[in-house]
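Asks: Take a look at the following structure, please.
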Amino acid sequence: SSWLTNLPFLPFGRHSCVLARALDAMATLAFASAPCGEVMFKRNNSQVMRSTPKLGVVVRDVPKAVFSAEPVRKFPGKGHWFELRVEDFSGAAINILGIGYTATDPASLLPPLAEEGAPPPEATPLPGRPDKIPRTYIAGYARSVYWNGERVEIEPCFDKLKPFRAVQIGALVTLEGSLQIYINRKLKMEFDPSAHGMEPMPGDEPLWAIIDLAGGVRKATLLRDSVAPSPDESSAAHDEGNGGAAE
């Protein structure tokens with residue numbers, strides 16, 4: 001069902017304002033041009049492509065993370081949600097990408113503005129892995145969750161994906177501060193930090209999307225009009241292999 005049907009009844013003027021703000025929030029979802037890792041952007045920064053590795057450079061030391069330009073929208077009664085379509089990835093890779101959120105404003109990772117007449121300051125390089133960024137919560141890779149710098153091993157998220165077929169991957173911060181990963185709108189993984197003696201994600205604060213193109217992904221596009229899955233969608237039986245976008 002559409003999120004539009006869940007809007008409360010309001011007089012036409014107020015309803016129009018609520019609708020306009022909601023649509024505007026989705027339409028402006030894009031990747032930030034900076035800071036970012038070694039990637040390329042297209043389609044008004046809604047699409048990201050992994051850059052070709054440079055010869056002689058240790059790949060694991062090269063940052064490949066991107067952030068949303070603005071905090072991710074929080075859906076009433078559900079939590080923060082964003083989704084992307086992975087259109088090109090290596091079929092041999094179990095590690096496709098890392099996906100999640102950060103409560104660290106990406107703008108704080110940019111160099112400060114130089115005083116007039118002073119040389120521009122050098123940017124602080126992003127780490128090779130975004131789990132080094134404070135207050136970052138990211139899952140995926142081969143079988144990992146990085147929760148504010150601590151790693152927890154999980155079952156693989158992407159082991160059933162079929163090569164040469166696009167796949168939708170979404171990330172939801174629940175109202176309790178857990179992280180859920182969805183494959184083609186079906187719940188694939190839920191990480192409850194309380195079960196591991198960890199603090200929940202700060203869902204009452206602004207949260208930015210973060211994607212780490214450290215795996216087999218080559219190209220991915222933000223789905224700007226995506227809404228959080230309904231209970232019927234998320235609890236539906238997994239399709240065979242979890243691979244390929246829904247027909």
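We name chains A, B, ... following the order of the structure tokens; residues begin at 1 in each chain, and ligands are numbered from 1 as shown.
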Go through range 62-233 of chain A and collect every residue that DSSP, computed from the backbone, puts in strand (DSSP E or B); the answer should be as a compact mmCIF listing (two decimals) with N, CA, C and O atoms, in the first residue's frame.
Replies:
# COMPACT_ATOMS: atom_id res chain seq x y z
N ALA A 65 33.50 4.95 0.40
CA ALA A 65 32.22 5.25 1.04
C ALA A 65 31.59 6.50 0.46
O ALA A 65 32.28 7.43 0.03
N VAL A 66 30.26 6.51 0.44
CA VAL A 66 29.49 7.69 0.04
C VAL A 66 28.40 7.92 1.08
O VAL A 66 27.96 6.98 1.76
N PHE A 67 27.96 9.16 1.19
CA PHE A 67 26.95 9.54 2.16
C PHE A 67 25.77 10.19 1.45
O PHE A 67 25.91 10.72 0.34
N SER A 68 24.62 10.18 2.10
CA SER A 68 23.51 10.98 1.59
C SER A 68 23.80 12.44 1.87
O SER A 68 24.45 12.79 2.86
N LYS A 74 12.51 9.92 8.15
CA LYS A 74 11.98 8.98 9.13
C LYS A 74 10.49 8.82 8.90
O LYS A 74 9.74 9.80 8.94
N PHE A 75 10.06 7.59 8.65
CA PHE A 75 8.65 7.30 8.40
C PHE A 75 7.93 7.09 9.73
O PHE A 75 8.38 6.29 10.56
N GLY A 79 10.32 4.11 11.09
CA GLY A 79 11.72 4.46 11.31
C GLY A 79 12.36 5.02 10.05
O GLY A 79 11.70 5.25 9.04
N HIS A 80 13.66 5.25 10.13
CA HIS A 80 14.41 5.77 9.00
C HIS A 80 14.55 4.68 7.93
O HIS A 80 14.83 3.53 8.25
N TRP A 81 14.39 5.08 6.69
CA TRP A 81 14.43 4.09 5.59
C TRP A 81 15.00 4.72 4.33
O TRP A 81 14.67 5.86 3.97
N PHE A 82 15.88 3.98 3.65
CA PHE A 82 16.26 4.31 2.28
C PHE A 82 16.55 3.01 1.54
O PHE A 82 16.78 1.96 2.16
N GLU A 83 16.52 3.09 0.23
CA GLU A 83 16.67 1.89 -0.60
C GLU A 83 17.44 2.26 -1.86
O GLU A 83 17.33 3.38 -2.37
N LEU A 84 18.21 1.34 -2.36
CA LEU A 84 18.91 1.55 -3.62
C LEU A 84 18.79 0.32 -4.49
O LEU A 84 18.48 -0.78 -4.01
N ARG A 85 19.00 0.52 -5.77
CA ARG A 85 19.00 -0.59 -6.74
C ARG A 85 20.43 -0.82 -7.19
O ARG A 85 21.07 0.07 -7.75
N VAL A 86 20.94 -2.01 -6.94
CA VAL A 86 22.27 -2.39 -7.40
C VAL A 86 22.13 -2.98 -8.79
O VAL A 86 21.54 -4.05 -8.96
N GLU A 87 22.64 -2.26 -9.78
CA GLU A 87 22.44 -2.66 -11.17
C GLU A 87 23.59 -3.47 -11.75
O GLU A 87 23.43 -4.15 -12.75
N ASP A 88 24.76 -3.37 -11.12
CA ASP A 88 25.92 -4.06 -11.66
C ASP A 88 26.80 -4.49 -10.50
O ASP A 88 27.23 -3.66 -9.69
N PHE A 89 27.03 -5.79 -10.39
CA PHE A 89 27.94 -6.29 -9.36
C PHE A 89 28.56 -7.59 -9.83
O PHE A 89 28.05 -8.26 -10.73
N GLY A 98 28.67 -2.56 1.86
CA GLY A 98 28.21 -2.28 3.21
C GLY A 98 27.15 -1.19 3.14
O GLY A 98 27.28 -0.25 2.34
N ILE A 99 26.10 -1.30 3.94
CA ILE A 99 25.01 -0.34 3.88
C ILE A 99 24.52 -0.06 5.29
O ILE A 99 24.44 -0.96 6.13
N GLY A 100 24.22 1.20 5.56
CA GLY A 100 23.73 1.54 6.89
C GLY A 100 23.61 3.03 7.09
O GLY A 100 23.26 3.77 6.15
N TYR A 101 23.91 3.47 8.31
CA TYR A 101 23.68 4.86 8.69
C TYR A 101 24.84 5.39 9.52
O TYR A 101 25.58 4.61 10.15
N THR A 102 24.97 6.69 9.55
CA THR A 102 25.90 7.34 10.46
C THR A 102 25.20 8.53 11.11
O THR A 102 24.43 9.24 10.47
N THR A 136 28.88 5.23 13.52
CA THR A 136 28.48 4.67 12.22
C THR A 136 28.05 3.23 12.42
O THR A 136 28.68 2.47 13.16
N TYR A 137 26.96 2.86 11.75
CA TYR A 137 26.32 1.56 11.93
C TYR A 137 26.08 0.98 10.54
O TYR A 137 25.21 1.46 9.80
N ILE A 138 26.82 -0.07 10.19
CA ILE A 138 26.80 -0.52 8.80
C ILE A 138 26.87 -2.05 8.77
O ILE A 138 27.55 -2.67 9.60
N ALA A 139 26.14 -2.64 7.84
CA ALA A 139 26.05 -4.10 7.76
C ALA A 139 26.26 -4.55 6.32
O ALA A 139 26.13 -3.78 5.37
N GLY A 140 26.56 -5.84 6.18
CA GLY A 140 26.74 -6.42 4.85
C GLY A 140 28.10 -7.06 4.72
O GLY A 140 28.45 -7.96 5.48
N SER A 144 29.33 -9.28 8.13
CA SER A 144 29.72 -8.40 9.23
C SER A 144 28.71 -7.29 9.49
O SER A 144 28.07 -6.79 8.56
N VAL A 145 28.60 -6.92 10.76
CA VAL A 145 28.00 -5.67 11.19
C VAL A 145 29.08 -4.90 11.95
O VAL A 145 29.76 -5.47 12.81
N TYR A 146 29.23 -3.63 11.60
CA TYR A 146 30.13 -2.75 12.35
C TYR A 146 29.26 -1.74 13.08
O TYR A 146 28.60 -0.91 12.45
N TRP A 147 29.26 -1.84 14.40
CA TRP A 147 28.35 -1.05 15.23
C TRP A 147 29.17 -0.09 16.08
O TRP A 147 29.75 -0.47 17.09
N GLU A 150 32.61 -1.49 16.55
CA GLU A 150 32.75 -2.88 16.98
C GLU A 150 32.17 -3.81 15.92
O GLU A 150 31.07 -3.58 15.41
N ARG A 151 32.90 -4.88 15.61
CA ARG A 151 32.44 -5.83 14.61
C ARG A 151 31.73 -7.01 15.27
O ARG A 151 32.16 -7.54 16.28
N VAL A 152 30.61 -7.40 14.66
CA VAL A 152 29.88 -8.59 15.05
C VAL A 152 29.67 -9.44 13.80
O VAL A 152 29.24 -8.92 12.76
N GLU A 153 29.96 -10.71 13.89
CA GLU A 153 29.76 -11.60 12.74
C GLU A 153 28.30 -11.98 12.63
O GLU A 153 27.64 -12.31 13.62
N VAL A 167 19.16 -5.86 -8.21
CA VAL A 167 18.59 -6.21 -6.92
C VAL A 167 18.40 -4.94 -6.11
O VAL A 167 19.20 -4.01 -6.18
N GLN A 168 17.32 -4.88 -5.34
CA GLN A 168 17.04 -3.74 -4.47
C GLN A 168 17.48 -4.08 -3.04
O GLN A 168 17.14 -5.15 -2.52
N ILE A 169 18.22 -3.18 -2.44
CA ILE A 169 18.72 -3.36 -1.08
C ILE A 169 18.30 -2.14 -0.26
O ILE A 169 18.57 -1.01 -0.64
N GLY A 170 17.60 -2.39 0.83
CA GLY A 170 17.12 -1.30 1.68
C GLY A 170 17.61 -1.45 3.11
O GLY A 170 17.93 -2.55 3.56
N ALA A 171 17.66 -0.32 3.81
CA ALA A 171 18.11 -0.32 5.22
C ALA A 171 17.11 0.46 6.05
O ALA A 171 16.78 1.60 5.73
N LEU A 172 16.63 -0.17 7.13
CA LEU A 172 15.66 0.44 8.03
C LEU A 172 16.22 0.51 9.44
O LEU A 172 16.73 -0.49 9.96
N VAL A 173 16.15 1.70 10.04
CA VAL A 173 16.42 1.85 11.47
C VAL A 173 15.08 1.74 12.18
O VAL A 173 14.19 2.58 11.97
N LEU A 179 18.92 -2.33 13.35
CA LEU A 179 19.14 -2.15 11.91
C LEU A 179 18.62 -3.37 11.16
O LEU A 179 18.98 -4.51 11.48
N GLN A 180 17.75 -3.12 10.18
CA GLN A 180 17.23 -4.20 9.33
C GLN A 180 17.70 -3.98 7.91
O GLN A 180 17.70 -2.85 7.41
N ILE A 181 18.07 -5.08 7.25
CA ILE A 181 18.46 -5.04 5.84
C ILE A 181 17.44 -5.83 5.04
O ILE A 181 17.08 -6.97 5.40
N TYR A 182 16.96 -5.23 3.95
CA TYR A 182 15.96 -5.84 3.09
C TYR A 182 16.54 -6.12 1.72
O TYR A 182 17.30 -5.30 1.18
N ILE A 183 16.19 -7.27 1.17
CA ILE A 183 16.54 -7.63 -0.21
C ILE A 183 15.25 -7.76 -0.99
O ILE A 183 14.40 -8.60 -0.66
N LYS A 186 12.09 -7.73 1.06
CA LYS A 186 11.91 -8.80 2.03
C LYS A 186 12.99 -8.68 3.09
O LYS A 186 14.17 -8.47 2.78
N LEU A 187 12.60 -8.82 4.34
CA LEU A 187 13.56 -8.73 5.43
C LEU A 187 14.58 -9.86 5.34
O LEU A 187 14.24 -11.04 5.34
N LYS A 188 15.84 -9.49 5.25
CA LYS A 188 16.93 -10.46 5.16
C LYS A 188 17.71 -10.59 6.46
O LYS A 188 18.12 -11.68 6.86
N MET A 189 17.92 -9.47 7.15
CA MET A 189 18.74 -9.48 8.35
C MET A 189 18.26 -8.41 9.32
O MET A 189 17.92 -7.31 8.90
N GLU A 190 18.21 -8.74 10.61
CA GLU A 190 17.95 -7.74 11.63
C GLU A 190 19.03 -7.85 12.70
O GLU A 190 19.28 -8.95 13.23
N PHE A 191 19.65 -6.73 13.01
CA PHE A 191 20.67 -6.70 14.06
C PHE A 191 20.10 -5.92 15.24
O PHE A 191 19.84 -4.72 15.14
N TRP A 208 22.37 9.93 8.53
CA TRP A 208 22.70 9.99 7.11
C TRP A 208 22.92 8.58 6.58
O TRP A 208 23.47 7.71 7.28
N ALA A 209 22.50 8.33 5.35
CA ALA A 209 22.78 7.06 4.72
C ALA A 209 24.27 6.97 4.41
O ALA A 209 24.91 7.98 4.07
N ILE A 210 24.82 5.78 4.53
CA ILE A 210 26.20 5.54 4.16
C ILE A 210 26.27 4.23 3.39
O ILE A 210 25.66 3.22 3.78
N ILE A 211 26.96 4.26 2.26
CA ILE A 211 27.17 3.08 1.43
C ILE A 211 28.66 2.90 1.25
O ILE A 211 29.38 3.85 0.91
N ASP A 212 29.16 1.69 1.49
CA ASP A 212 30.57 1.39 1.27
C ASP A 212 30.69 0.45 0.08
O ASP A 212 30.27 -0.69 0.14
N VAL A 217 30.07 -4.58 -5.81
CA VAL A 217 29.18 -3.64 -6.50
C VAL A 217 29.98 -2.73 -7.42
O VAL A 217 31.08 -2.27 -7.09
N ARG A 218 29.42 -2.46 -8.60
CA ARG A 218 30.03 -1.53 -9.55
C ARG A 218 29.17 -0.30 -9.77
O ARG A 218 29.68 0.79 -10.02
N LYS A 219 27.85 -0.46 -9.69
CA LYS A 219 26.94 0.67 -9.93
C LYS A 219 25.67 0.48 -9.12
O LYS A 219 25.12 -0.62 -9.07
N ALA A 220 25.21 1.56 -8.48
CA ALA A 220 23.98 1.51 -7.68
C ALA A 220 23.29 2.86 -7.77
O ALA A 220 23.92 3.90 -7.88
N THR A 221 21.94 2.83 -7.68
CA THR A 221 21.13 4.03 -7.82
C THR A 221 20.17 4.14 -6.65
O THR A 221 19.48 3.17 -6.30
N LEU A 222 20.10 5.32 -6.03
CA LEU A 222 19.14 5.57 -4.97
C LEU A 222 17.72 5.55 -5.54
O LEU A 222 17.47 6.12 -6.59
Asks: So that I can see what lies close to Pro202 in chain A, please list as a list in words the residues with an atom at most 10 Å from it, counting only C-alpha atoms and leaving out residues fewer than 2 positions away in the same chain.
Replies: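 Those residues are Thr102, Ala103, Arg135, Val173, Leu175, Glu176, Gly177, Ser178, Glu199, Pro200, Asp204, Glu205, Pro206 and Leu207 of chain A.
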